[in-house]
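The file query-v4.cif comes next; it holds mmCIF, C-alpha atoms.
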data_entry
loop_
_atom_site.label_atom_id
_atom_site.label_comp_id
_atom_site.auth_asym_id
_atom_site.auth_seq_id
_atom_site.Cartn_x
_atom_site.Cartn_y
_atom_site.Cartn_z
CA MET A 1 13.76 -21.99 -5.55
CA PRO A 2 17.41 -20.81 -5.33
CA LEU A 3 18.39 -17.27 -4.49
CA LEU A 4 19.91 -15.34 -7.37
CA THR A 5 23.48 -14.08 -7.22
CA ASP A 6 24.24 -10.36 -7.12
CA GLU A 7 25.26 -10.53 -10.77
CA GLN A 8 22.09 -12.36 -11.79
CA ILE A 9 20.00 -9.76 -9.99
CA ALA A 10 21.89 -6.87 -11.62
CA ASP A 11 21.47 -8.50 -15.04
CA GLY A 12 17.76 -9.06 -14.41
CA LEU A 13 17.14 -5.47 -13.38
CA HIS A 14 19.16 -3.97 -16.23
CA ASP A 15 17.01 -1.57 -18.28
CA SER A 16 14.02 -2.17 -15.99
CA GLY A 17 12.58 0.50 -13.72
CA TRP A 18 13.25 -1.71 -10.71
CA ARG A 19 16.07 -1.22 -8.24
CA ARG A 20 17.58 -3.52 -5.67
CA GLU A 21 16.88 -2.73 -2.02
CA GLY A 22 18.80 -5.32 0.01
CA ASP A 23 16.87 -8.59 -0.06
CA ALA A 24 14.13 -7.12 -2.25
CA ILE A 25 13.53 -5.25 -5.50
CA ALA A 26 11.37 -2.13 -5.67
CA ARG A 27 9.86 0.21 -8.23
CA ASP A 28 7.86 3.46 -7.97
CA TRP A 29 5.05 4.67 -10.19
CA LYS A 30 3.23 7.99 -10.37
CA LEU A 31 -0.32 7.72 -11.67
CA ASP A 32 -2.72 10.46 -12.76
CA ASP A 33 -4.76 10.41 -9.57
CA PHE A 34 -5.93 8.24 -6.67
CA ALA A 35 -8.38 6.31 -8.83
CA GLY A 36 -5.59 5.58 -11.30
CA ALA A 37 -3.35 4.38 -8.48
CA ILE A 38 -6.03 2.01 -7.19
CA ALA A 39 -6.77 0.72 -10.71
CA PHE A 40 -3.06 -0.02 -11.12
CA VAL A 41 -3.02 -1.83 -7.76
CA ASP A 42 -5.93 -3.98 -8.91
CA GLU A 43 -4.09 -4.91 -12.12
CA VAL A 44 -0.94 -5.75 -10.17
CA ALA A 45 -2.99 -7.80 -7.71
CA GLN A 46 -4.42 -9.89 -10.54
CA LEU A 47 -0.93 -10.67 -11.86
CA ALA A 48 0.22 -11.44 -8.31
CA GLU A 49 -2.61 -13.90 -7.78
CA GLU A 50 -1.89 -15.59 -11.11
CA ALA A 51 1.76 -15.94 -10.09
CA ASN A 52 0.91 -16.83 -6.48
CA HIS A 53 3.58 -14.30 -5.53
CA HIS A 54 2.57 -11.17 -3.66
CA PRO A 55 4.39 -7.84 -3.59
CA ASP A 56 4.16 -5.34 -0.80
CA ILE A 57 2.11 -2.44 -2.14
CA LEU A 58 2.25 1.15 -0.91
CA VAL A 59 -0.18 3.78 -2.21
CA HIS A 60 0.99 7.17 -0.96
CA GLY A 61 0.64 10.84 -1.72
CA TRP A 62 -2.75 10.09 -3.41
CA ASN A 63 -1.26 9.15 -6.82
CA LYS A 64 1.96 7.25 -6.18
CA VAL A 65 2.49 3.48 -5.89
CA ARG A 66 5.57 1.64 -4.65
CA LEU A 67 5.88 -2.09 -5.16
CA THR A 68 8.42 -4.24 -3.32
CA LEU A 69 9.10 -7.86 -4.28
CA SER A 70 11.02 -10.52 -2.36
CA THR A 71 10.78 -14.28 -1.92
CA HIS A 72 10.28 -14.40 1.83
CA SER A 73 10.37 -18.21 1.99
CA GLU A 74 13.92 -18.09 0.59
CA GLY A 75 15.03 -14.95 2.38
CA GLY A 76 15.93 -13.01 -0.72
CA ILE A 77 15.52 -12.42 -4.45
CA THR A 78 14.67 -15.31 -6.77
CA ALA A 79 13.63 -15.77 -10.38
CA ALA A 80 10.00 -15.49 -9.24
CA ASP A 81 10.61 -11.86 -8.26
CA LEU A 82 12.18 -10.94 -11.60
CA ALA A 83 9.44 -12.77 -13.50
CA LEU A 84 6.62 -10.94 -11.72
CA ALA A 85 8.49 -7.62 -12.03
CA GLY A 86 8.63 -8.18 -15.79
CA ARG A 87 4.91 -8.92 -16.01
CA ILE A 88 4.10 -5.82 -13.96
CA ASP A 89 6.36 -3.66 -16.18
CA ALA A 90 4.29 -4.79 -19.17
CA LEU A 91 1.22 -3.12 -17.61
CA ARG A 92 2.46 0.49 -17.92
CA MET B 1 -10.14 23.14 8.10
CA PRO B 2 -8.56 23.61 11.55
CA LEU B 3 -6.16 21.14 13.09
CA LEU B 4 -7.56 19.24 16.06
CA THR B 5 -6.04 19.61 19.49
CA ASP B 6 -4.30 16.68 21.18
CA GLU B 7 -7.32 16.23 23.41
CA GLN B 8 -9.75 16.28 20.49
CA ILE B 9 -7.65 13.68 18.69
CA ALA B 10 -7.47 11.45 21.78
CA ASP B 11 -11.22 11.76 22.25
CA GLY B 12 -11.82 10.98 18.59
CA LEU B 13 -9.65 7.85 18.65
CA HIS B 14 -11.04 6.54 21.93
CA ASP B 15 -12.45 3.03 21.50
CA SER B 16 -11.44 2.99 17.83
CA GLY B 17 -8.72 0.71 16.42
CA TRP B 18 -6.77 3.76 15.27
CA ARG B 19 -3.69 5.14 16.97
CA ARG B 20 -1.96 8.45 16.67
CA GLU B 21 1.41 8.52 14.89
CA GLY B 22 2.66 12.10 15.10
CA ASP B 23 0.80 14.18 12.49
CA ALA B 24 -1.24 11.19 11.33
CA ILE B 25 -3.51 8.42 12.55
CA ALA B 26 -2.97 4.78 11.60
CA ARG B 27 -4.68 1.42 11.86
CA ASP B 28 -3.67 -2.13 10.93
CA TRP B 29 -5.86 -4.93 9.62
CA LYS B 30 -5.16 -8.60 9.03
CA LEU B 31 -7.32 -10.14 6.31
CA ASP B 32 -7.79 -13.80 5.35
CA ASP B 33 -5.52 -13.67 2.33
CA PHE B 34 -4.12 -11.43 -0.40
CA ALA B 35 -7.42 -11.32 -2.29
CA GLY B 36 -9.17 -10.26 0.91
CA ALA B 37 -6.60 -7.53 1.48
CA ILE B 38 -7.07 -6.16 -2.04
CA ALA B 39 -10.88 -6.31 -1.72
CA PHE B 40 -10.59 -4.30 1.51
CA VAL B 41 -8.34 -1.77 -0.23
CA ASP B 42 -10.94 -1.37 -2.97
CA GLU B 43 -13.68 -0.73 -0.39
CA VAL B 44 -11.50 1.81 1.41
CA ALA B 45 -10.66 3.48 -1.91
CA GLN B 46 -14.35 3.94 -2.68
CA LEU B 47 -14.94 5.65 0.69
CA ALA B 48 -11.83 7.76 0.14
CA GLU B 49 -13.04 8.94 -3.26
CA GLU B 50 -16.48 9.77 -1.83
CA ALA B 51 -14.80 11.81 0.91
CA ASN B 52 -12.17 13.26 -1.47
CA HIS B 53 -9.64 12.38 1.24
CA HIS B 54 -7.01 9.76 0.53
CA PRO B 55 -5.18 7.59 3.05
CA ASP B 56 -1.77 6.10 2.47
CA ILE B 57 -2.34 2.37 2.00
CA LEU B 58 0.22 -0.36 2.66
CA VAL B 59 -0.50 -4.00 1.73
CA HIS B 60 2.24 -6.13 3.24
CA GLY B 61 2.97 -9.72 4.24
CA TRP B 62 0.29 -10.84 1.68
CA ASN B 63 -2.70 -10.41 4.03
CA LYS B 64 -2.09 -7.28 6.11
CA VAL B 65 -3.19 -3.71 5.41
CA ARG B 66 -2.05 -0.53 7.15
CA LEU B 67 -3.90 2.73 6.56
CA THR B 68 -2.48 6.12 7.50
CA LEU B 69 -4.59 9.29 7.45
CA SER B 70 -3.47 12.90 7.67
CA THR B 71 -4.64 16.22 6.24
CA HIS B 72 -1.49 17.17 4.35
CA SER B 73 -2.84 20.58 3.29
CA GLU B 74 -3.13 21.51 7.00
CA GLY B 75 -0.02 19.66 8.17
CA GLY B 76 -1.78 17.49 10.70
CA ILE B 77 -4.93 15.77 11.91
CA THR B 78 -8.35 17.31 11.22
CA ALA B 79 -11.98 16.29 11.54
CA ALA B 80 -11.77 14.94 7.96
CA ASP B 81 -9.32 12.27 9.17
CA LEU B 82 -11.51 11.17 12.07
CA ALA B 83 -14.60 11.16 9.87
CA LEU B 84 -13.02 8.93 7.21
CA ALA B 85 -11.51 6.67 9.91
CA GLY B 86 -15.00 6.18 11.30
CA ARG B 87 -16.42 5.28 7.89
CA ILE B 88 -13.60 2.81 7.28
CA ASP B 89 -14.13 1.20 10.71
CA ALA B 90 -17.72 0.54 9.70
CA LEU B 91 -16.47 -1.71 6.85
CA ARG B 92 -15.02 -4.44 9.09
#
Can you dump the structure from the file as C-alpha coordinates?
Amino acid sequence: MPLLTDEQIADGLHDSGWRREGDAIARDWKLDDFAGAIAFVDEVAQLAEEANHHPDILVHGWNKVRLTLSTHSEGGITAADLALAGRIDALR
Amino acid sequence: MPLLTDEQIADGLHDSGWRREGDAIARDWKLDDFAGAIAFVDEVAQLAEEANHHPDILVHGWNKVRLTLSTHSEGGITAADLALAGRIDALR
(Lines of atoms letter the chains of each structure in order from A and count residues from 1; the text may use other names and numbers.)
(Lines give C-alpha, C1' and ligand atoms only; values in the text may rest on other atoms or scores of the structure.)
Protein backbone atom coordinates (compact mmCIF):
# COMPACT_ATOMS: atom_id res chain seq x y z
CA MET A 1 0.00 0.00 0.00
CA PRO A 2 1.68 3.27 -1.09
CA LEU A 3 2.32 6.16 1.24
CA LEU A 4 0.19 9.22 0.57
CA THR A 5 1.78 12.51 -0.46
CA ASP A 6 1.64 15.54 1.83
CA GLU A 7 -1.06 17.02 -0.40
CA GLN A 8 -3.12 13.83 -0.37
CA ILE A 9 -2.91 13.72 3.41
CA ALA A 10 -3.92 17.39 3.74
CA ASP A 11 -6.85 16.82 1.37
CA GLY A 12 -7.92 13.72 3.30
CA LEU A 13 -7.86 15.48 6.65
CA HIS A 14 -9.66 18.60 5.40
CA ASP A 15 -12.80 19.24 7.46
CA SER A 16 -12.09 16.21 9.66
CA GLY A 17 -11.18 16.48 13.32
CA TRP A 18 -7.89 14.71 12.64
CA ARG A 19 -4.52 16.39 12.45
CA ARG A 20 -1.22 15.24 11.05
CA GLU A 21 1.53 14.41 13.53
CA GLY A 22 4.59 13.49 11.46
CA ASP A 23 4.15 9.94 10.17
CA ALA A 24 0.74 9.58 11.82
CA ILE A 25 -2.66 11.23 12.14
CA ALA A 26 -4.29 11.90 15.50
CA ARG A 27 -7.59 13.07 16.94
CA ASP A 28 -8.78 13.84 20.49
CA TRP A 29 -12.20 13.26 21.99
CA LYS A 30 -13.71 14.31 25.31
CA LEU A 31 -16.44 11.99 26.54
CA ASP A 32 -18.92 12.46 29.39
CA ASP A 33 -17.06 10.23 31.83
CA PHE A 34 -14.73 7.24 32.15
CA ALA A 35 -17.45 4.76 31.23
CA GLY A 36 -18.20 6.80 28.11
CA ALA A 37 -14.52 6.84 27.18
CA ILE A 38 -14.26 3.06 27.52
CA ALA A 39 -17.47 2.53 25.54
CA PHE A 40 -16.01 4.68 22.77
CA VAL A 41 -12.78 2.67 22.86
CA ASP A 42 -14.79 -0.52 22.46
CA GLU A 43 -16.61 0.89 19.43
CA VAL A 44 -13.32 2.02 17.88
CA ALA A 45 -11.80 -1.39 18.59
CA GLN A 46 -14.60 -3.11 16.70
CA LEU A 47 -14.03 -0.91 13.65
CA ALA A 48 -10.28 -1.50 13.94
CA GLU A 49 -10.74 -5.27 13.99
CA GLU A 50 -13.05 -5.11 10.97
CA ALA A 51 -10.43 -3.06 9.11
CA ASN A 52 -7.53 -5.14 10.47
CA HIS A 53 -5.86 -1.80 11.19
CA HIS A 54 -5.18 -0.82 14.78
CA PRO A 55 -4.80 2.68 16.18
CA ASP A 56 -2.85 3.55 19.27
CA ILE A 57 -5.42 4.44 21.92
CA LEU A 58 -4.83 6.68 24.93
CA VAL A 59 -7.49 7.10 27.62
CA HIS A 60 -6.39 9.91 29.93
CA GLY A 61 -7.78 12.36 32.43
CA TRP A 62 -10.70 9.91 33.07
CA ASN A 63 -12.85 11.13 30.13
CA LYS A 64 -10.52 11.91 27.24
CA VAL A 65 -9.44 9.64 24.38
CA ARG A 66 -6.65 10.21 21.86
CA LEU A 67 -6.37 8.01 18.80
CA THR A 68 -3.26 7.85 16.62
CA LEU A 69 -3.23 6.09 13.25
CA SER A 70 -0.26 5.15 11.08
CA THR A 71 0.60 2.31 8.71
CA HIS A 72 3.67 0.98 10.48
CA SER A 73 4.44 -1.60 7.76
CA GLU A 74 4.84 1.28 5.28
CA GLY A 75 6.43 3.75 7.67
CA GLY A 76 3.82 6.44 7.25
CA ILE A 77 0.28 7.47 6.33
CA THR A 78 -1.69 5.47 3.77
CA ALA A 79 -5.26 5.32 2.50
CA ALA A 80 -5.97 2.72 5.20
CA ASP A 81 -5.39 5.38 7.87
CA LEU A 82 -7.73 7.90 6.25
CA ALA A 83 -10.37 5.22 5.67
CA LEU A 84 -10.40 4.09 9.30
CA ALA A 85 -10.33 7.72 10.51
CA GLY A 86 -13.46 8.35 8.44
CA ARG A 87 -15.25 5.33 9.89
CA ILE A 88 -14.31 6.38 13.43
CA ASP A 89 -15.55 9.94 12.78
CA ALA A 90 -18.94 8.47 11.87
CA LEU A 91 -19.24 7.10 15.44
CA ARG A 92 -19.50 10.50 17.19
CA MET B 1 -6.06 10.90 51.37
CA PRO B 2 -2.39 11.48 52.27
CA LEU B 3 0.45 11.08 49.82
CA LEU B 4 2.69 8.09 50.48
CA THR B 5 6.34 8.56 51.35
CA ASP B 6 9.07 7.36 48.99
CA GLU B 7 9.69 4.43 51.29
CA GLN B 8 6.02 3.49 51.45
CA ILE B 9 5.81 3.61 47.66
CA ALA B 10 8.94 1.47 47.26
CA ASP B 11 7.58 -1.03 49.78
CA GLY B 12 4.23 -1.09 48.01
CA LEU B 13 5.76 -1.73 44.59
CA HIS B 14 8.19 -4.38 45.80
CA ASP B 15 7.71 -7.64 43.90
CA SER B 16 4.98 -6.07 41.76
CA GLY B 17 5.35 -5.41 38.02
CA TRP B 18 4.77 -1.71 38.63
CA ARG B 19 7.45 0.95 38.62
CA ARG B 20 7.48 4.46 39.90
CA GLU B 21 7.46 7.28 37.31
CA GLY B 22 7.66 10.53 39.27
CA ASP B 23 4.20 11.29 40.70
CA ALA B 24 2.71 8.14 39.21
CA ILE B 25 3.17 4.38 39.01
CA ALA B 26 3.14 2.50 35.71
CA ARG B 27 3.11 -1.03 34.36
CA ASP B 28 3.31 -2.52 30.86
CA TRP B 29 1.59 -5.63 29.53
CA LYS B 30 1.96 -7.50 26.26
CA LEU B 31 -1.16 -9.38 25.23
CA ASP B 32 -1.65 -11.96 22.47
CA ASP B 33 -3.27 -9.57 20.03
CA PHE B 34 -5.37 -6.42 19.70
CA ALA B 35 -8.55 -8.16 20.82
CA GLY B 36 -6.72 -9.42 23.90
CA ALA B 37 -5.46 -5.93 24.66
CA ILE B 38 -8.97 -4.47 24.42
CA ALA B 39 -10.41 -7.28 26.57
CA PHE B 40 -7.77 -6.50 29.21
CA VAL B 41 -8.65 -2.79 29.04
CA ASP B 42 -12.31 -3.65 29.62
CA GLU B 43 -11.41 -5.74 32.69
CA VAL B 44 -9.22 -2.94 34.05
CA ALA B 45 -12.00 -0.42 33.38
CA GLN B 46 -14.44 -2.46 35.44
CA LEU B 47 -12.04 -2.53 38.41
CA ALA B 48 -11.41 1.19 37.96
CA GLU B 49 -15.12 1.98 38.05
CA GLU B 50 -15.58 -0.18 41.16
CA ALA B 51 -12.73 1.71 42.84
CA ASN B 52 -13.83 5.09 41.41
CA HIS B 53 -10.16 5.58 40.51
CA HIS B 54 -9.16 5.79 36.87
CA PRO B 55 -5.79 4.97 35.36
CA ASP B 56 -4.49 6.45 32.14
CA ILE B 57 -4.59 3.63 29.59
CA LEU B 58 -2.41 3.38 26.48
CA VAL B 59 -2.98 0.63 23.89
CA HIS B 60 -0.07 0.70 21.47
CA GLY B 61 1.69 -1.48 18.92
CA TRP B 62 -1.60 -3.47 18.53
CA ASN B 63 -0.99 -5.81 21.50
CA LYS B 64 0.62 -3.76 24.27
CA VAL B 65 -1.05 -1.93 27.15
CA ARG B 66 0.50 0.60 29.51
CA LEU B 67 -1.37 1.69 32.64
CA THR B 68 -0.42 4.75 34.66
CA LEU B 69 -1.92 5.46 38.09
CA SER B 70 -1.78 8.64 40.14
CA THR B 71 -4.09 10.44 42.57
CA HIS B 72 -4.44 13.72 40.70
CA SER B 73 -6.51 15.36 43.44
CA GLU B 74 -3.55 14.90 45.83
CA GLY B 75 -0.81 15.51 43.27
CA GLY B 76 0.94 12.20 43.76
CA ILE B 77 0.81 8.56 44.79
CA THR B 78 -1.60 7.41 47.51
CA ALA B 79 -2.83 4.13 48.94
CA ALA B 80 -5.65 4.22 46.35
CA ASP B 81 -3.07 3.80 43.58
CA LEU B 82 -1.36 0.84 45.24
CA ALA B 83 -4.71 -0.77 46.02
CA LEU B 84 -5.96 -0.55 42.43
CA ALA B 85 -2.55 -1.70 41.10
CA GLY B 86 -2.86 -4.79 43.28
CA ARG B 87 -6.36 -5.56 42.00
CA ILE B 88 -5.21 -5.13 38.40
CA ASP B 89 -2.21 -7.42 38.98
CA ALA B 90 -4.64 -10.12 40.10
CA LEU B 91 -6.20 -10.09 36.58
CA ARG B 92 -3.16 -11.50 34.76
**Study point:** Å distance separating atom CA of A:Gly61 from atom CA of B:Ile25, one decimal place
**Key:**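 According to the coordinates, atom CA of A:Gly61 and atom CA of B:Ile25 are separated by 15.1 Å.
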Exercise for review: Please determine the contact residues of chain B with respect to chain A at a cut-off of 6 Å, counting all atoms listed in the file, and supply them as JSON, numbers by chain.
Suggested key: {"B": [54, 56, 57, 58, 59, 60, 62]}
**Study point:** Spatial neighbours of B:Arg87, 10 Å, only C-alpha atoms, chain gap at least 6 places, as a PyMOL selection string
**Key:** chain B and resi 44+47-48+51
How would the residues just picked look written out with C-alpha atoms as a CSV table (one decimal), keeping the file's coordinate frame?
chain,number,residue,atom,x,y,z
B,44,VAL,CA,-11.5,1.8,1.4
B,47,LEU,CA,-14.9,5.6,0.7
B,48,ALA,CA,-11.8,7.8,0.1
B,51,ALA,CA,-14.8,11.8,0.9
Practice item. Find the distance between atom CA of A:Ala79 and atom CA of A:Asp11 and write it in Å to one decimal. Key: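 Straight-line distance from atom CA of A:Ala79 to atom CA of A:Asp11 works out to 11.7 Å.
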Review point. Quick one: of A:Glu50, A:Ala26, A:Leu84, A:Ile77, who's nearest to A:Asp6, counting all atoms listed in the file?
Key: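 When distances to A:Asp6 are compared using all atoms listed in the file, the smallest one comes from A:Ile77.
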Exercise for review: For each of B:Thr5, B:Asp89, B:Gly76, B:Ala83, take the minimum atom-to-atom distance to B:Gly22, counting only C-alpha atoms, then give the residue where this is smallest.
Suggested key: B:Gly76
Could I see stretch 33-44 of chain A restored to all heavy atoms, set down as a PDB file, in the coordinates of the input?
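Saved file part-v6.pdb follows:
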ATOM      1  N   ASP A  33      -3.995  10.017 -10.755  1.00  0.00           N
ATOM      2  CA  ASP A  33      -4.760  10.410  -9.570  1.00  0.00           C
ATOM      3  C   ASP A  33      -4.962   9.171  -8.689  1.00  0.00           C
ATOM      4  O   ASP A  33      -4.431   8.088  -8.998  1.00  0.00           O
ATOM      5  CB  ASP A  33      -6.105  11.022  -9.969  1.00  0.00           C
ATOM      6  CG  ASP A  33      -6.877  10.151 -10.952  1.00  0.00           C
ATOM      7  OD1 ASP A  33      -6.638   8.924 -10.981  1.00  0.00           O
ATOM      8  OD2 ASP A  33      -7.715  10.695 -11.689  1.00  0.00           O
ATOM      9  N   PHE A  34      -5.715   9.335  -7.614  1.00  0.00           N
ATOM     10  CA  PHE A  34      -5.930   8.240  -6.670  1.00  0.00           C
ATOM     11  C   PHE A  34      -6.648   7.071  -7.347  1.00  0.00           C
ATOM     12  O   PHE A  34      -6.276   5.904  -7.163  1.00  0.00           O
ATOM     13  CB  PHE A  34      -6.742   8.741  -5.475  1.00  0.00           C
ATOM     14  CG  PHE A  34      -6.943   7.727  -4.384  1.00  0.00           C
ATOM     15  CD1 PHE A  34      -5.911   7.387  -3.520  1.00  0.00           C
ATOM     16  CD2 PHE A  34      -8.177   7.114  -4.214  1.00  0.00           C
ATOM     17  CE1 PHE A  34      -6.104   6.457  -2.508  1.00  0.00           C
ATOM     18  CE2 PHE A  34      -8.380   6.182  -3.210  1.00  0.00           C
ATOM     19  CZ  PHE A  34      -7.340   5.850  -2.345  1.00  0.00           C
ATOM     20  N   ALA A  35      -7.652   7.379  -8.145  1.00  0.00           N
ATOM     21  CA  ALA A  35      -8.380   6.310  -8.830  1.00  0.00           C
ATOM     22  C   ALA A  35      -7.449   5.535  -9.758  1.00  0.00           C
ATOM     23  O   ALA A  35      -7.538   4.301  -9.862  1.00  0.00           O
ATOM     24  CB  ALA A  35      -9.566   6.890  -9.615  1.00  0.00           C
ATOM     25  N   GLY A  36      -6.554   6.246 -10.426  1.00  0.00           N
ATOM     26  CA  GLY A  36      -5.590   5.580 -11.300  1.00  0.00           C
ATOM     27  C   GLY A  36      -4.630   4.704 -10.510  1.00  0.00           C
ATOM     28  O   GLY A  36      -4.254   3.608 -10.965  1.00  0.00           O
ATOM     29  N   ALA A  37      -4.235   5.167  -9.330  1.00  0.00           N
ATOM     30  CA  ALA A  37      -3.350   4.380  -8.480  1.00  0.00           C
ATOM     31  C   ALA A  37      -4.033   3.084  -8.041  1.00  0.00           C
ATOM     32  O   ALA A  37      -3.430   2.001  -8.074  1.00  0.00           O
ATOM     33  CB  ALA A  37      -2.904   5.199  -7.262  1.00  0.00           C
ATOM     34  N   ILE A  38      -5.297   3.194  -7.652  1.00  0.00           N
ATOM     35  CA  ILE A  38      -6.030   2.010  -7.190  1.00  0.00           C
ATOM     36  C   ILE A  38      -6.276   1.043  -8.357  1.00  0.00           C
ATOM     37  O   ILE A  38      -6.176  -0.184  -8.211  1.00  0.00           O
ATOM     38  CB  ILE A  38      -7.354   2.424  -6.524  1.00  0.00           C
ATOM     39  CG1 ILE A  38      -7.073   3.239  -5.249  1.00  0.00           C
ATOM     40  CG2 ILE A  38      -8.213   1.203  -6.201  1.00  0.00           C
ATOM     41  CD1 ILE A  38      -6.312   2.503  -4.166  1.00  0.00           C
ATOM     42  N   ALA A  39      -6.573   1.580  -9.533  1.00  0.00           N
ATOM     43  CA  ALA A  39      -6.770   0.720 -10.710  1.00  0.00           C
ATOM     44  C   ALA A  39      -5.480  -0.040 -11.020  1.00  0.00           C
ATOM     45  O   ALA A  39      -5.514  -1.240 -11.361  1.00  0.00           O
ATOM     46  CB  ALA A  39      -7.211   1.560 -11.903  1.00  0.00           C
ATOM     47  N   PHE A  40      -4.350   0.638 -10.896  1.00  0.00           N
ATOM     48  CA  PHE A  40      -3.060  -0.020 -11.120  1.00  0.00           C
ATOM     49  C   PHE A  40      -2.836  -1.119 -10.082  1.00  0.00           C
ATOM     50  O   PHE A  40      -2.409  -2.235 -10.410  1.00  0.00           O
ATOM     51  CB  PHE A  40      -1.938   1.026 -11.064  1.00  0.00           C
ATOM     52  CG  PHE A  40      -0.556   0.457 -11.214  1.00  0.00           C
ATOM     53  CD1 PHE A  40      -0.194  -0.238 -12.369  1.00  0.00           C
ATOM     54  CD2 PHE A  40       0.388   0.613 -10.210  1.00  0.00           C
ATOM     55  CE1 PHE A  40       1.086  -0.760 -12.508  1.00  0.00           C
ATOM     56  CE2 PHE A  40       1.666   0.096 -10.349  1.00  0.00           C
ATOM     57  CZ  PHE A  40       2.018  -0.591 -11.495  1.00  0.00           C
ATOM     58  N   VAL A  41      -3.140  -0.825  -8.819  1.00  0.00           N
ATOM     59  CA  VAL A  41      -3.020  -1.830  -7.760  1.00  0.00           C
ATOM     60  C   VAL A  41      -3.863  -3.061  -8.084  1.00  0.00           C
ATOM     61  O   VAL A  41      -3.411  -4.203  -7.905  1.00  0.00           O
ATOM     62  CB  VAL A  41      -3.423  -1.234  -6.394  1.00  0.00           C
ATOM     63  CG1 VAL A  41      -3.618  -2.331  -5.344  1.00  0.00           C
ATOM     64  CG2 VAL A  41      -2.379  -0.225  -5.924  1.00  0.00           C
ATOM     65  N   ASP A  42      -5.060  -2.841  -8.580  1.00  0.00           N
ATOM     66  CA  ASP A  42      -5.930  -3.980  -8.910  1.00  0.00           C
ATOM     67  C   ASP A  42      -5.331  -4.822 -10.045  1.00  0.00           C
ATOM     68  O   ASP A  42      -5.419  -6.055 -10.021  1.00  0.00           O
ATOM     69  CB  ASP A  42      -7.328  -3.478  -9.292  1.00  0.00           C
ATOM     70  CG  ASP A  42      -8.117  -2.994  -8.080  1.00  0.00           C
ATOM     71  OD1 ASP A  42      -7.785  -3.388  -6.947  1.00  0.00           O
ATOM     72  OD2 ASP A  42      -9.067  -2.215  -8.267  1.00  0.00           O
ATOM     73  N   GLU A  43      -4.728  -4.157 -11.021  1.00  0.00           N
ATOM     74  CA  GLU A  43      -4.090  -4.910 -12.120  1.00  0.00           C
ATOM     75  C   GLU A  43      -2.901  -5.702 -11.607  1.00  0.00           C
ATOM     76  O   GLU A  43      -2.696  -6.862 -11.974  1.00  0.00           O
ATOM     77  CB  GLU A  43      -3.630  -3.939 -13.213  1.00  0.00           C
ATOM     78  CG  GLU A  43      -4.756  -3.285 -13.992  1.00  0.00           C
ATOM     79  CD  GLU A  43      -4.199  -2.305 -15.018  1.00  0.00           C
ATOM     80  OE1 GLU A  43      -3.581  -2.743 -15.997  1.00  0.00           O
ATOM     81  OE2 GLU A  43      -4.362  -1.081 -14.821  1.00  0.00           O
ATOM     82  N   VAL A  44      -2.096  -5.066 -10.760  1.00  0.00           N
ATOM     83  CA  VAL A  44      -0.940  -5.750 -10.170  1.00  0.00           C
ATOM     84  C   VAL A  44      -1.408  -6.941  -9.327  1.00  0.00           C
ATOM     85  O   VAL A  44      -0.820  -8.030  -9.376  1.00  0.00           O
ATOM     86  CB  VAL A  44      -0.119  -4.774  -9.304  1.00  0.00           C
ATOM     87  CG1 VAL A  44       0.908  -5.522  -8.453  1.00  0.00           C
ATOM     88  CG2 VAL A  44       0.562  -3.735 -10.178  1.00  0.00           C
TER      89      VAL A  44
END
